[in-house]
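Structure data (mmCIF, C-alpha atoms) from final.cif:
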data_input
loop_
_atom_site.label_atom_id
_atom_site.label_comp_id
_atom_site.auth_asym_id
_atom_site.auth_seq_id
_atom_site.Cartn_x
_atom_site.Cartn_y
_atom_site.Cartn_z
CA MET E 19 -48.86 -72.74 0.86
CA PHE E 20 -50.54 -69.90 -1.03
CA TYR E 21 -50.68 -67.75 2.13
CA THR E 22 -47.06 -67.93 3.35
CA ARG E 23 -45.87 -65.00 1.19
CA TYR E 24 -48.42 -62.57 2.62
CA ARG E 25 -47.96 -60.29 5.65
CA GLU E 26 -50.27 -60.63 8.64
CA ASP E 27 -49.34 -57.46 10.54
CA GLY E 28 -51.78 -55.18 8.73
CA TRP E 29 -49.10 -53.11 7.03
CA GLY E 30 -49.17 -52.36 3.35
CA ARG E 31 -51.93 -52.35 0.79
CA ALA E 32 -54.42 -55.22 0.92
CA ALA E 33 -53.56 -57.99 -1.55
CA PHE E 34 -55.96 -59.82 -3.86
CA HIS E 35 -57.12 -63.04 -2.23
CA PRO E 36 -55.14 -66.12 -3.39
CA LYS E 37 -58.34 -68.16 -3.84
CA MET E 38 -59.61 -65.68 -6.41
CA LEU E 39 -56.33 -65.66 -8.34
CA VAL E 40 -56.16 -69.47 -8.32
CA LYS E 41 -59.72 -69.66 -9.70
CA VAL E 42 -58.82 -67.22 -12.47
CA LEU E 43 -55.68 -69.18 -13.44
CA VAL E 44 -57.43 -72.57 -13.35
CA TYR E 45 -60.48 -71.41 -15.29
CA GLY E 46 -58.23 -69.68 -17.83
CA CYS E 47 -56.26 -72.89 -18.40
CA CYS E 48 -59.51 -74.88 -18.75
CA MET E 49 -60.50 -72.49 -21.53
CA GLY E 50 -57.01 -72.48 -23.09
CA ILE E 51 -56.15 -68.95 -21.87
CA THR E 52 -52.66 -68.95 -20.34
CA SER E 53 -51.51 -65.41 -21.16
CA SER E 54 -51.72 -63.14 -18.09
CA ARG E 55 -52.58 -60.19 -20.36
CA LYS E 56 -55.49 -62.07 -21.95
CA LEU E 57 -56.71 -63.09 -18.49
CA ALA E 58 -56.57 -59.46 -17.34
CA ARG E 59 -58.63 -58.42 -20.37
CA GLY E 60 -61.03 -61.28 -19.70
CA LEU E 61 -61.64 -59.96 -16.19
CA GLN E 62 -63.22 -56.96 -17.91
CA ASP E 63 -64.92 -58.64 -20.90
CA ASP E 64 -65.69 -62.26 -19.88
CA VAL E 65 -68.75 -62.80 -17.67
CA ALA E 66 -67.48 -66.09 -16.25
CA LEU E 67 -64.11 -64.60 -15.26
CA ARG E 68 -65.80 -61.54 -13.74
CA PHE E 69 -68.04 -63.84 -11.70
CA LEU E 70 -65.11 -65.96 -10.46
CA ALA E 71 -63.13 -62.83 -9.55
CA ALA E 72 -66.15 -61.24 -7.77
CA ASN E 73 -65.80 -58.33 -10.22
CA GLN E 74 -62.24 -57.62 -9.04
CA GLN E 75 -59.75 -56.75 -11.78
CA PRO E 76 -56.11 -57.47 -10.90
CA GLY E 77 -53.62 -56.36 -13.54
CA PHE E 78 -51.71 -58.74 -15.78
CA ARG E 79 -48.53 -58.19 -13.77
CA THR E 80 -50.30 -59.25 -10.55
CA ILE E 81 -51.56 -62.43 -12.25
CA SER E 82 -48.14 -63.17 -13.76
CA ASP E 83 -46.28 -62.58 -10.48
CA PHE E 84 -48.76 -64.72 -8.53
CA ARG E 85 -48.18 -67.60 -10.93
CA LYS E 86 -44.37 -67.26 -10.71
CA ASP E 87 -44.35 -66.81 -6.93
CA HIS E 88 -46.48 -69.90 -6.22
CA LEU E 89 -44.97 -72.54 -8.50
CA GLU E 90 -44.85 -75.26 -5.83
CA ALA E 91 -48.35 -74.53 -4.51
CA LEU E 92 -49.89 -74.54 -8.01
CA ASP E 93 -48.11 -77.80 -8.76
CA GLY E 94 -49.67 -79.26 -5.61
CA LEU E 95 -53.16 -78.64 -7.00
CA PHE E 96 -52.69 -81.68 -9.26
CA VAL E 97 -52.55 -84.07 -6.29
CA GLU E 98 -55.62 -82.47 -4.68
CA VAL E 99 -57.69 -82.72 -7.87
CA LEU E 100 -56.48 -86.29 -8.45
CA ALA E 101 -57.71 -87.18 -4.95
CA MET E 102 -61.13 -85.81 -5.96
CA CYS E 103 -61.04 -87.99 -9.10
CA GLN E 104 -60.26 -91.03 -6.95
CA GLU E 105 -63.13 -90.16 -4.62
CA ALA E 106 -65.43 -89.92 -7.65
CA GLY E 107 -64.27 -93.35 -8.85
CA LEU E 108 -62.61 -91.97 -11.99
CA ALA E 109 -59.07 -93.07 -11.11
CA LYS E 110 -59.29 -96.76 -10.28
CA MET E 111 -55.53 -97.38 -10.77
CA GLY E 112 -56.16 -100.62 -12.62
CA ARG E 113 -54.73 -100.33 -16.11
CA VAL E 114 -52.94 -97.11 -17.10
CA ALA E 115 -51.15 -95.87 -20.23
CA LEU E 116 -47.90 -93.91 -20.14
CA ASP E 117 -46.51 -91.67 -22.88
CA GLY E 118 -44.63 -88.41 -23.47
CA ARG E 119 -45.71 -85.28 -25.34
CA LYS E 120 -42.97 -83.06 -26.79
CA VAL E 121 -44.09 -79.45 -26.52
CA ALA E 122 -42.30 -76.40 -27.89
CA GLY E 123 -40.88 -74.04 -25.29
CA ASN E 124 -40.84 -70.25 -25.15
CA THR E 125 -37.83 -70.07 -27.46
CA SER E 126 -36.84 -71.08 -31.00
CA LEU E 127 -34.53 -73.49 -32.80
CA GLU E 128 -32.70 -70.49 -34.28
CA ALA E 129 -31.49 -69.52 -30.80
CA ASN E 130 -29.24 -72.61 -30.65
CA ARG E 131 -25.47 -72.24 -30.96
CA THR E 132 -22.62 -74.73 -31.29
CA LEU E 133 -19.68 -74.52 -28.91
CA GLU E 134 -17.51 -72.90 -31.60
CA GLY E 135 -20.29 -70.45 -32.44
CA ILE E 136 -20.67 -69.50 -28.78
CA LYS E 137 -16.91 -68.97 -28.37
CA SER E 138 -16.89 -66.77 -31.47
CA GLU E 139 -19.86 -64.72 -30.24
CA VAL E 140 -18.37 -64.38 -26.75
CA ALA E 141 -15.09 -63.13 -28.26
CA LYS E 142 -17.02 -60.65 -30.43
CA LEU E 143 -19.01 -59.29 -27.48
CA LEU E 144 -15.91 -58.99 -25.30
CA ALA E 145 -14.11 -57.15 -28.09
CA GLU E 146 -17.05 -54.78 -28.51
CA ALA E 147 -17.15 -54.16 -24.75
CA GLU E 148 -13.40 -53.44 -24.77
CA VAL E 149 -13.78 -50.88 -27.56
CA ILE E 150 -16.67 -49.16 -25.73
CA ASP E 151 -14.66 -49.12 -22.49
CA ALA E 152 -11.77 -47.44 -24.32
CA GLN E 153 -14.11 -44.85 -25.84
CA GLU E 154 -15.70 -44.10 -22.45
CA ASP E 155 -12.26 -43.87 -20.80
CA GLU E 156 -11.37 -41.23 -23.35
CA LYS E 157 -14.68 -39.41 -22.93
CA TYR E 158 -15.09 -39.51 -19.11
CA GLY E 159 -11.54 -40.24 -17.89
CA LYS E 160 -10.18 -43.51 -16.52
CA ASP E 161 -11.19 -42.79 -12.93
CA CYS E 162 -14.67 -41.46 -13.69
CA ARG E 163 -17.71 -43.66 -14.02
CA GLY E 164 -19.67 -41.26 -16.20
CA ASP E 165 -23.33 -42.11 -16.80
CA GLU E 166 -24.97 -45.56 -16.68
CA LEU E 167 -24.04 -47.93 -19.47
CA PRO E 168 -26.26 -47.61 -22.56
CA GLU E 169 -29.26 -49.94 -22.76
CA GLY E 170 -27.80 -51.78 -25.74
CA LEU E 171 -24.61 -52.58 -23.86
CA ARG E 172 -26.51 -53.84 -20.82
CA THR E 173 -28.48 -56.17 -23.02
CA LYS E 174 -25.30 -57.52 -24.58
CA GLN E 175 -23.76 -58.08 -21.17
CA GLY E 176 -26.81 -60.07 -20.15
CA ARG E 177 -26.57 -62.03 -23.36
CA LEU E 178 -22.89 -62.65 -22.66
CA VAL E 179 -23.77 -64.25 -19.32
CA ARG E 180 -26.22 -66.64 -21.03
CA LEU E 181 -23.66 -67.46 -23.71
CA LYS E 182 -21.04 -68.31 -21.10
CA GLU E 183 -23.53 -70.54 -19.26
CA ALA E 184 -24.35 -72.35 -22.51
CA GLN E 185 -20.63 -72.68 -23.30
CA ALA E 186 -19.94 -74.24 -19.89
CA ARG E 187 -22.79 -76.76 -20.37
CA LEU E 188 -21.61 -77.80 -23.83
CA GLU E 189 -18.01 -78.21 -22.64
CA GLN E 190 -19.21 -80.38 -19.73
CA GLU E 191 -21.42 -82.48 -22.05
CA GLU E 192 -18.49 -82.95 -24.45
CA GLN E 193 -16.27 -84.10 -21.58
CA ASP E 194 -18.97 -86.50 -20.30
CA THR E 195 -19.50 -87.90 -23.82
CA LYS E 196 -15.79 -88.56 -24.27
CA GLN E 197 -15.52 -90.25 -20.87
CA ALA E 198 -18.56 -92.47 -21.54
CA GLN E 199 -17.16 -93.53 -24.92
CA THR E 200 -13.74 -94.23 -23.38
CA ASP E 201 -15.38 -96.48 -20.77
CA LYS E 202 -17.33 -98.24 -23.54
CA LEU E 203 -14.16 -98.93 -25.54
CA ASP E 204 -12.32 -100.15 -22.42
CA GLN E 205 -15.19 -102.54 -21.62
CA ARG E 206 -15.19 -103.84 -25.21
CA ALA E 207 -11.42 -104.43 -25.09
CA LYS E 208 -11.78 -106.26 -21.77
CA GLU E 209 -14.52 -108.55 -23.11
CA GLU E 210 -12.45 -109.33 -26.23
CA ALA E 211 -9.41 -110.15 -24.08
CA GLU E 212 -11.46 -112.49 -21.88
CA SER E 213 -13.09 -114.30 -24.82
CA GLY E 214 -10.01 -114.30 -27.07
CA GLN E 215 -12.18 -113.21 -30.01
CA LYS E 216 -13.02 -109.88 -31.56
CA LYS E 217 -16.62 -108.78 -31.13
CA ARG E 218 -18.84 -108.67 -34.20
CA GLY E 219 -20.15 -105.46 -35.70
CA PRO E 220 -18.51 -102.11 -36.37
CA LYS E 221 -16.03 -100.85 -33.82
CA PRO E 222 -17.37 -97.90 -31.77
CA LYS E 223 -16.07 -94.45 -32.67
CA SER E 224 -13.22 -92.94 -30.70
CA PRO E 225 -14.10 -90.29 -28.05
CA ASP E 226 -12.78 -87.49 -30.30
CA GLU E 227 -14.84 -88.71 -33.29
CA LEU E 228 -18.00 -88.91 -31.17
CA ALA E 229 -17.56 -85.40 -29.73
CA ASP E 230 -17.56 -83.75 -33.15
CA GLY E 231 -18.59 -80.26 -32.01
CA THR E 232 -22.14 -80.43 -33.42
CA ALA E 233 -23.84 -80.30 -29.99
CA LYS E 234 -25.88 -77.13 -29.47
CA ALA E 235 -27.21 -75.08 -26.55
CA ASN E 236 -30.08 -72.60 -26.59
CA ILE E 237 -29.25 -69.08 -25.43
CA THR E 238 -32.89 -68.01 -24.89
CA ASP E 239 -33.84 -70.93 -22.62
CA PRO E 240 -30.69 -72.96 -21.85
CA GLU E 241 -32.74 -75.65 -20.07
CA SER E 242 -34.81 -76.48 -23.18
CA ARG E 243 -33.67 -79.14 -25.64
CA ILE E 244 -33.98 -79.96 -29.35
CA LEU E 245 -36.69 -82.64 -29.57
CA LYS E 246 -37.68 -84.73 -32.57
CA THR E 247 -41.42 -85.04 -33.24
CA ARG E 248 -43.51 -86.55 -36.02
CA ARG E 249 -43.69 -83.12 -37.66
CA GLY E 250 -40.01 -82.23 -37.37
CA TYR E 251 -37.91 -80.70 -34.61
CA VAL E 252 -39.02 -78.37 -31.83
CA GLN E 253 -37.11 -76.54 -29.11
CA GLY E 254 -38.85 -77.42 -25.87
CA PHE E 255 -39.56 -80.01 -23.19
CA ASN E 256 -40.91 -83.55 -22.91
CA GLY E 257 -44.12 -83.69 -20.86
CA GLN E 258 -44.86 -87.11 -19.36
CA ALA E 259 -48.36 -88.29 -18.39
CA MET E 260 -49.87 -91.54 -17.10
CA ALA E 261 -53.63 -91.87 -17.70
CA ASP E 262 -56.23 -94.29 -16.32
CA CYS E 263 -57.60 -96.46 -19.15
CA SER E 264 -61.12 -96.47 -17.70
CA SER E 265 -61.57 -92.69 -17.59
CA GLN E 266 -58.57 -90.94 -19.24
CA VAL E 267 -57.89 -89.21 -15.91
CA ILE E 268 -54.19 -88.37 -15.54
CA VAL E 269 -52.82 -90.16 -12.46
CA ALA E 270 -49.19 -89.01 -12.74
CA GLN E 271 -47.38 -86.25 -14.60
CA GLY E 272 -43.97 -84.62 -14.90
CA VAL E 273 -41.64 -82.78 -17.27
CA THR E 274 -38.17 -83.79 -18.43
CA GLN E 275 -35.45 -82.40 -20.70
CA GLU E 276 -34.73 -85.88 -22.10
CA GLU E 277 -35.06 -86.18 -25.87
CA ASN E 278 -36.65 -89.66 -25.65
CA ASP E 279 -38.76 -91.66 -23.18
CA ARG E 280 -36.44 -94.60 -22.51
CA ARG E 281 -35.24 -93.39 -19.11
CA GLN E 282 -38.61 -92.07 -17.96
CA LEU E 283 -40.37 -95.30 -16.91
CA ALA E 284 -38.69 -95.65 -13.51
CA PRO E 285 -39.13 -91.95 -12.58
CA MET E 286 -42.78 -91.98 -13.67
CA LEU E 287 -43.54 -95.08 -11.60
CA GLN E 288 -42.07 -93.30 -8.58
CA ILE E 289 -44.00 -90.11 -9.40
CA CYS E 290 -47.21 -92.13 -9.73
CA GLU E 291 -46.69 -93.64 -6.29
CA ASN E 292 -46.09 -90.15 -4.84
CA GLN E 293 -48.96 -88.37 -6.60
CA ALA E 294 -51.63 -91.08 -6.72
CA GLY E 295 -50.65 -92.78 -3.46
CA ARG E 296 -50.09 -96.19 -5.02
CA LEU E 297 -48.95 -97.97 -8.16
CA PRO E 298 -51.43 -99.16 -10.81
CA LYS E 299 -51.95 -102.86 -11.48
CA GLU E 300 -50.75 -102.63 -15.10
CA VAL E 301 -48.84 -100.06 -17.17
CA LEU E 302 -48.99 -99.87 -20.99
CA CYS E 303 -46.07 -98.26 -22.86
CA ASP E 304 -45.02 -97.85 -26.49
CA ALA E 305 -41.60 -98.80 -27.87
CA GLY E 306 -40.09 -95.51 -26.74
CA TYR E 307 -39.91 -96.98 -23.22
CA TRP E 308 -38.49 -100.35 -24.22
CA SER E 309 -35.24 -101.64 -22.76
CA ALA E 310 -34.32 -104.84 -20.95
CA ALA E 311 -33.65 -102.74 -17.83
CA ASN E 312 -37.15 -101.23 -17.97
CA ALA E 313 -38.71 -104.66 -18.38
CA GLY E 314 -36.99 -105.64 -15.15
CA LEU E 315 -38.82 -102.88 -13.24
CA GLU E 316 -41.96 -105.01 -13.03
CA THR E 317 -42.85 -105.46 -9.34
CA GLU E 318 -46.27 -104.41 -8.05
CA ALA E 319 -47.23 -102.97 -11.44
CA ALA E 320 -47.28 -105.37 -14.40
CA LEU E 321 -45.58 -103.87 -17.47
CA LEU E 322 -46.62 -104.27 -21.08
CA ILE E 323 -44.05 -102.51 -23.28
CA ALA E 324 -43.96 -102.63 -27.07
CA THR E 325 -40.57 -103.62 -28.49
CA GLN E 326 -41.14 -102.15 -31.97
CA LYS E 327 -42.56 -98.93 -33.39
CA ASP E 328 -46.28 -98.50 -32.80
CA TRP E 329 -47.43 -99.21 -36.36
CA LYS E 330 -45.25 -102.33 -36.52
CA THR E 331 -46.57 -103.51 -33.17
CA ARG E 332 -50.21 -103.02 -34.20
CA LYS E 333 -49.59 -104.86 -37.48
CA ARG E 334 -47.89 -107.76 -35.74
CA LEU E 335 -50.63 -108.04 -33.11
CA ALA E 336 -53.26 -108.15 -35.86
CA GLU E 337 -51.48 -110.71 -38.06
CA THR E 338 -49.88 -113.05 -35.49
CA GLU E 339 -51.76 -115.77 -33.63
CA ALA E 340 -51.51 -116.02 -29.86
CA PRO E 341 -48.61 -118.28 -28.75
CA ARG E 342 -49.39 -121.73 -27.38
CA GLY E 343 -47.52 -124.16 -25.19
CA ARG E 344 -44.79 -123.56 -22.71
CA ILE E 345 -42.34 -120.68 -22.84
CA PRO E 346 -39.16 -121.81 -24.69
CA LYS E 347 -36.12 -122.19 -22.44
CA GLY E 348 -33.43 -119.57 -22.85
CA SER E 349 -35.85 -116.89 -24.08
CA THR E 350 -34.44 -113.38 -23.85
CA THR E 351 -36.18 -110.55 -21.96
CA LYS E 352 -37.29 -109.07 -25.28
CA GLU E 353 -38.72 -112.39 -26.50
CA LEU E 354 -40.63 -112.82 -23.23
CA MET E 355 -42.15 -109.35 -23.55
CA GLU E 356 -43.11 -109.96 -27.19
CA ARG E 357 -44.75 -113.24 -26.20
CA LYS E 358 -46.72 -111.45 -23.46
CA LEU E 359 -47.93 -108.88 -26.02
CA LEU E 360 -49.09 -111.62 -28.43
CA THR E 361 -51.32 -113.36 -25.88
CA LYS E 362 -55.07 -112.69 -26.11
CA ARG E 363 -54.93 -110.70 -22.90
CA GLY E 364 -51.86 -108.78 -24.08
CA LYS E 365 -53.45 -107.88 -27.42
CA ALA E 366 -56.64 -106.65 -25.78
CA ALA E 367 -54.71 -104.63 -23.21
CA TYR E 368 -52.30 -102.96 -25.63
CA LYS E 369 -55.19 -101.80 -27.84
CA GLN E 370 -56.23 -99.55 -24.96
CA ARG E 371 -52.91 -97.70 -24.91
CA GLY E 372 -53.49 -95.57 -27.99
CA SER E 373 -57.16 -94.94 -27.22
CA THR E 374 -56.27 -93.73 -23.73
CA ILE E 375 -53.18 -91.54 -23.76
CA GLU E 376 -53.33 -90.13 -27.30
CA PRO E 377 -56.77 -88.53 -26.81
CA VAL E 378 -55.53 -87.00 -23.53
CA PHE E 379 -52.77 -85.13 -25.37
CA GLY E 380 -55.16 -84.32 -28.21
CA GLN E 381 -57.64 -82.73 -25.80
CA MET E 382 -54.87 -80.56 -24.34
CA VAL E 383 -53.83 -79.43 -27.82
CA MET E 384 -57.45 -78.61 -28.69
CA ARG E 385 -57.59 -76.42 -25.56
CA GLY E 386 -54.47 -74.58 -26.74
CA LEU E 387 -51.36 -76.42 -25.54
CA THR E 388 -49.09 -75.91 -28.53
CA ARG E 389 -46.28 -74.06 -26.75
CA PHE E 390 -45.22 -73.44 -23.16
CA MET E 391 -45.36 -69.80 -22.08
CA LEU E 392 -42.71 -69.95 -19.35
CA LYS E 393 -38.98 -70.69 -19.42
CA GLY E 394 -36.90 -73.13 -17.35
CA THR E 395 -37.64 -76.70 -16.29
CA GLN E 396 -39.23 -75.78 -12.94
CA LYS E 397 -41.62 -73.19 -14.38
CA VAL E 398 -42.50 -75.38 -17.37
CA GLY E 399 -43.13 -78.24 -14.93
CA MET E 400 -45.70 -76.10 -13.11
CA GLU E 401 -47.30 -75.09 -16.42
CA TRP E 402 -47.57 -78.75 -17.51
CA SER E 403 -48.98 -79.64 -14.08
CA LEU E 404 -51.66 -76.94 -14.48
CA TRP E 405 -52.66 -78.32 -17.89
CA CYS E 406 -52.93 -81.83 -16.39
CA THR E 407 -54.87 -80.51 -13.37
CA THR E 408 -57.43 -78.73 -15.54
CA HIS E 409 -57.73 -81.82 -17.76
CA ASN E 410 -58.79 -83.80 -14.67
CA LEU E 411 -61.13 -81.03 -13.50
CA LEU E 412 -62.90 -81.11 -16.86
CA LYS E 413 -63.26 -84.91 -16.54
CA LEU E 414 -64.86 -84.40 -13.11
CA TRP E 415 -67.20 -81.75 -14.49
CA ARG E 416 -68.27 -83.91 -17.44
CA ALA E 417 -68.87 -86.83 -15.07
CA GLY E 418 -71.29 -84.63 -13.10
CA TRP E 419 -69.52 -85.32 -9.80
CA TRP E 420 -69.82 -82.91 -6.89
CA PRO E 421 -68.15 -83.26 -3.46
CA GLU E 422 -70.54 -84.27 -0.69
CA THR E 423 -69.28 -81.48 1.57
CA ALA E 424 -70.10 -78.78 -0.98
#

I need this file expressed as structure tokens, please.
Amino acid sequence: MFYTRYREDGWGRAAFHPKMLVKVLVYGCCMGITSSRKLARGLQDDVALRFLAANQQPGFRTISDFRKDHLEALDGLFVEVLAMCQEAGLAKMGRVALDGRKVAGNTSLEANRTLEGIKSEVAKLLAEAEVIDAQEDEKYGKDCRGDELPEGLRTKQGRLVRLKEAQARLEQEEQDTKQAQTDKLDQRAKEEAESGQKKRGPKPKSPDELADGTAKANITDPESRILKTRRGYVQGFNGQAMADCSSQVIVAQGVTQEENDRRQLAPMLQICENQAGRLPKEVLCDAGYWSAANAGLETEAALLIATQKDWKTRKRLAETEAPRGRIPKGSTTKELMERKLLTKRGKAAYKQRGSTIEPVFGQMVMRGLTRFMLKGTQKVGMEWSLWCTTHNLLKLWRAGWWPETA
């Protein structure tokens, strides 16, 4: 796939070989160097990079364009490296741990705008453009184009396009939110009519109350989202990874815009089957993935999902004795999962979750993954894939494995 963009008719200047550029990108990510400018400098100053590049020195723009032009091919490297890990016996697909890592994107929280704020800014930009048009009409004449628009105006026009895109997304989200709440109220009314009794608990808010205009969209990277982390809020993406408990090798990975992990279990199981070739025997998840629907996904892969926050789960597992006797009749899905966690086997298995997936993310952070460099879900997905690929390559290197054909 790396070769399809190149000409074969002999015309044009010879391109740098894709193998060399891939080696430079992969080695750079292993060492925590993701900036194309830093890689270009390294090709002059770093002995290892000069060796890998055979003393060739492509410019930073060549490196950057190669990365952007081969998103799908670079993403495919993950599957190839994972196959090497399986061949080396490092990805046994027995017990795996799944979790998400919220990483800041190439934007900021300050670039978010509410729907009213966007409308106000759009109106301001349109008014400014109208004034400038009137001034240019007076200067050049209504039928004359004059010179090109000033740089500042072109930048504002580009910003106006992004603002309008963000406005359209917020308006659609507001409409979807109202419709979902209307359906929820209709279902509640139907259930009350059938039972003849009012349901307990506070009545859900009306659609207008729920859509209160506080939703925001980012004008720098509209595809990024506001995500809550342990250290506050970041503007970015949610990277998902599934790691083998025996080796910490990542067997499945992906990126989502979702603020939480609840709806990521089913997609990640499918991704695991696609990337690793099969499902693991057992999957460990924290409470972020808990729902009765997710518990019902257990088929080939056994699921062990915490139903409470991690510290509460660990405390309960330490203080509660393993259940004895038969399972009580009428137990809910949640009670059945909690009982499974409290068994001796469940306790021993769940202890491996934190010691498997948390160090994986920690190792990536130590290598430099604190912020994505690219914008947009597709490009960020490739960047996350490259981090996961190099994580597995480093596991192979530390294991001392070498392919027999080499």

Q | Nearest to Ala106 of chain E by atom-to-atom distance, counting all atoms listed in the file, from E:Val267, E:Leu127, E:Met355, E:Ala311 | A |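 Among E:Val267, E:Leu127, E:Met355, E:Ala311, it is E:Val267 that comes nearest to Ala106 of chain E.
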
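The residue that comes closest to Glu316 of chain E, out of E:Arg59, E:His35, E:Lys330, E:Lys299 and on the basis of only C-alpha atoms, is E:Lys299.
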
Q.
Applying 12 Å and only C-alpha atoms, which residues near segment 332-344 of chain E remain after dropping the ones on its own chain fewer than 4 positions away? List them as a list in words.
A.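 Within the cut-off, the hits are Asp304, Ala305, Ala324, Thr325, Gln326, Lys327, Asp328, Ser349, Glu353, Leu354, Glu356, Arg357, Lys358, Leu359, Leu360, Thr361, Lys362, Arg363, Gly364, Lys365, Ala366, Ala367, Tyr368, Lys369, Gln370, Arg371 and Gly372 of chain E.
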
**Q.** Point-to-point distance in Å for atom CA of Ser126 of chain E and atom CA of Glu139 of chain E
**A.**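 Result for atom CA of Glu139 of chain E versus atom CA of Ser126 of chain E: 18.1 Å, one decimal.
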
Q) Which of these residues is nearest to Ala91 of chain E, using only C-alpha atoms: E:Leu315, E:Ala198, E:Ala115, E:Met19? A)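 When distances to Ala91 of chain E are compared using only C-alpha atoms, the smallest one comes from E:Met19.
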
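For the file at hand, the PyMOL selection byres ((chain E and resi 269-277) around 6) resolves to Leu245, Phe255, Asn256, Gly257, Gln258, Ala259, Met260, Ala261, Ile268, Asn278, Cys290, Ala294 and Gly399 of chain E.
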
**Q.** Within 12 Å of file point (-66.0, -62.1, -13.9), counting all atoms listed in the file, expressed as a ChimeraX atom specification
**A.** /E:38-39,41-42,45-46,57-76

Q.
Which residues are close to Ala207 of chain E, i.e. within 12 Å by all atoms listed in the file, leaving aside same-chain residues fewer than 6 positions away? Reply as a list in words.
A.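 Contacts, with the query itself left out: Thr200, Asp201, Ser213, Gly214, Gln215, Lys216, Lys217, Lys221 and Pro222 of chain E.
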
Mind dumping a table of every segment 78-107 of chain E residue within 9 Å of segment 411-415 of chain E, with the nearest atom pair and its distance in Å to one decimal, using only C-alpha atoms, sorted by chain and rising number, as a tab-separated table?
residue	atom	partner	partner_atom	distance
E:Val99	CA	E:Leu411	CA	6.8
E:Leu100	CA	E:Leu411	CA	8.6
E:Met102	CA	E:Leu414	CA	8.2
E:Cys103	CA	E:Leu414	CA	6.6
E:Ala106	CA	E:Leu414	CA	7.8

(Q) Given all atoms listed in the file as the basis, pick out the residue of E:Leu181, E:Ala122, E:Ala320, E:Val40 nearest to Lys234 of chain E. (A)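 Once distances to Lys234 of chain E are computed over all atoms listed in the file, the minimum belongs to E:Leu181.
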
Q. Between E:Glu318, E:Ile323, E:Thr331, E:Arg248, which is the closest to Leu283 of chain E once you count all atoms listed in the file?
A. E:Ile323

What does the PyMOL selection byres ((chain E and resi 405) around 9) select in this file, as an mmCIF file with C-alpha atoms, in the coordinates of the input?
data_model
loop_
_atom_site.group_PDB
_atom_site.id
_atom_site.type_symbol
_atom_site.label_atom_id
_atom_site.label_comp_id
_atom_site.auth_asym_id
_atom_site.auth_seq_id
_atom_site.Cartn_x
_atom_site.Cartn_y
_atom_site.Cartn_z
ATOM 1 C CA VAL E 44 -57.430 -72.570 -13.350
ATOM 2 C CA CYS E 47 -56.260 -72.890 -18.400
ATOM 3 C CA CYS E 48 -59.510 -74.880 -18.750
ATOM 4 C CA GLY E 50 -57.010 -72.480 -23.090
ATOM 5 C CA MET E 382 -54.870 -80.560 -24.340
ATOM 6 C CA LEU E 387 -51.360 -76.420 -25.540
ATOM 7 C CA MET E 400 -45.700 -76.100 -13.110
ATOM 8 C CA GLU E 401 -47.300 -75.090 -16.420
ATOM 9 C CA TRP E 402 -47.570 -78.750 -17.510
ATOM 10 C CA SER E 403 -48.980 -79.640 -14.080
ATOM 11 C CA LEU E 404 -51.660 -76.940 -14.480
ATOM 12 C CA CYS E 406 -52.930 -81.830 -16.390
ATOM 13 C CA THR E 407 -54.870 -80.510 -13.370
ATOM 14 C CA THR E 408 -57.430 -78.730 -15.540
ATOM 15 C CA HIS E 409 -57.730 -81.820 -17.760
ATOM 16 C CA ASN E 410 -58.790 -83.800 -14.670
#
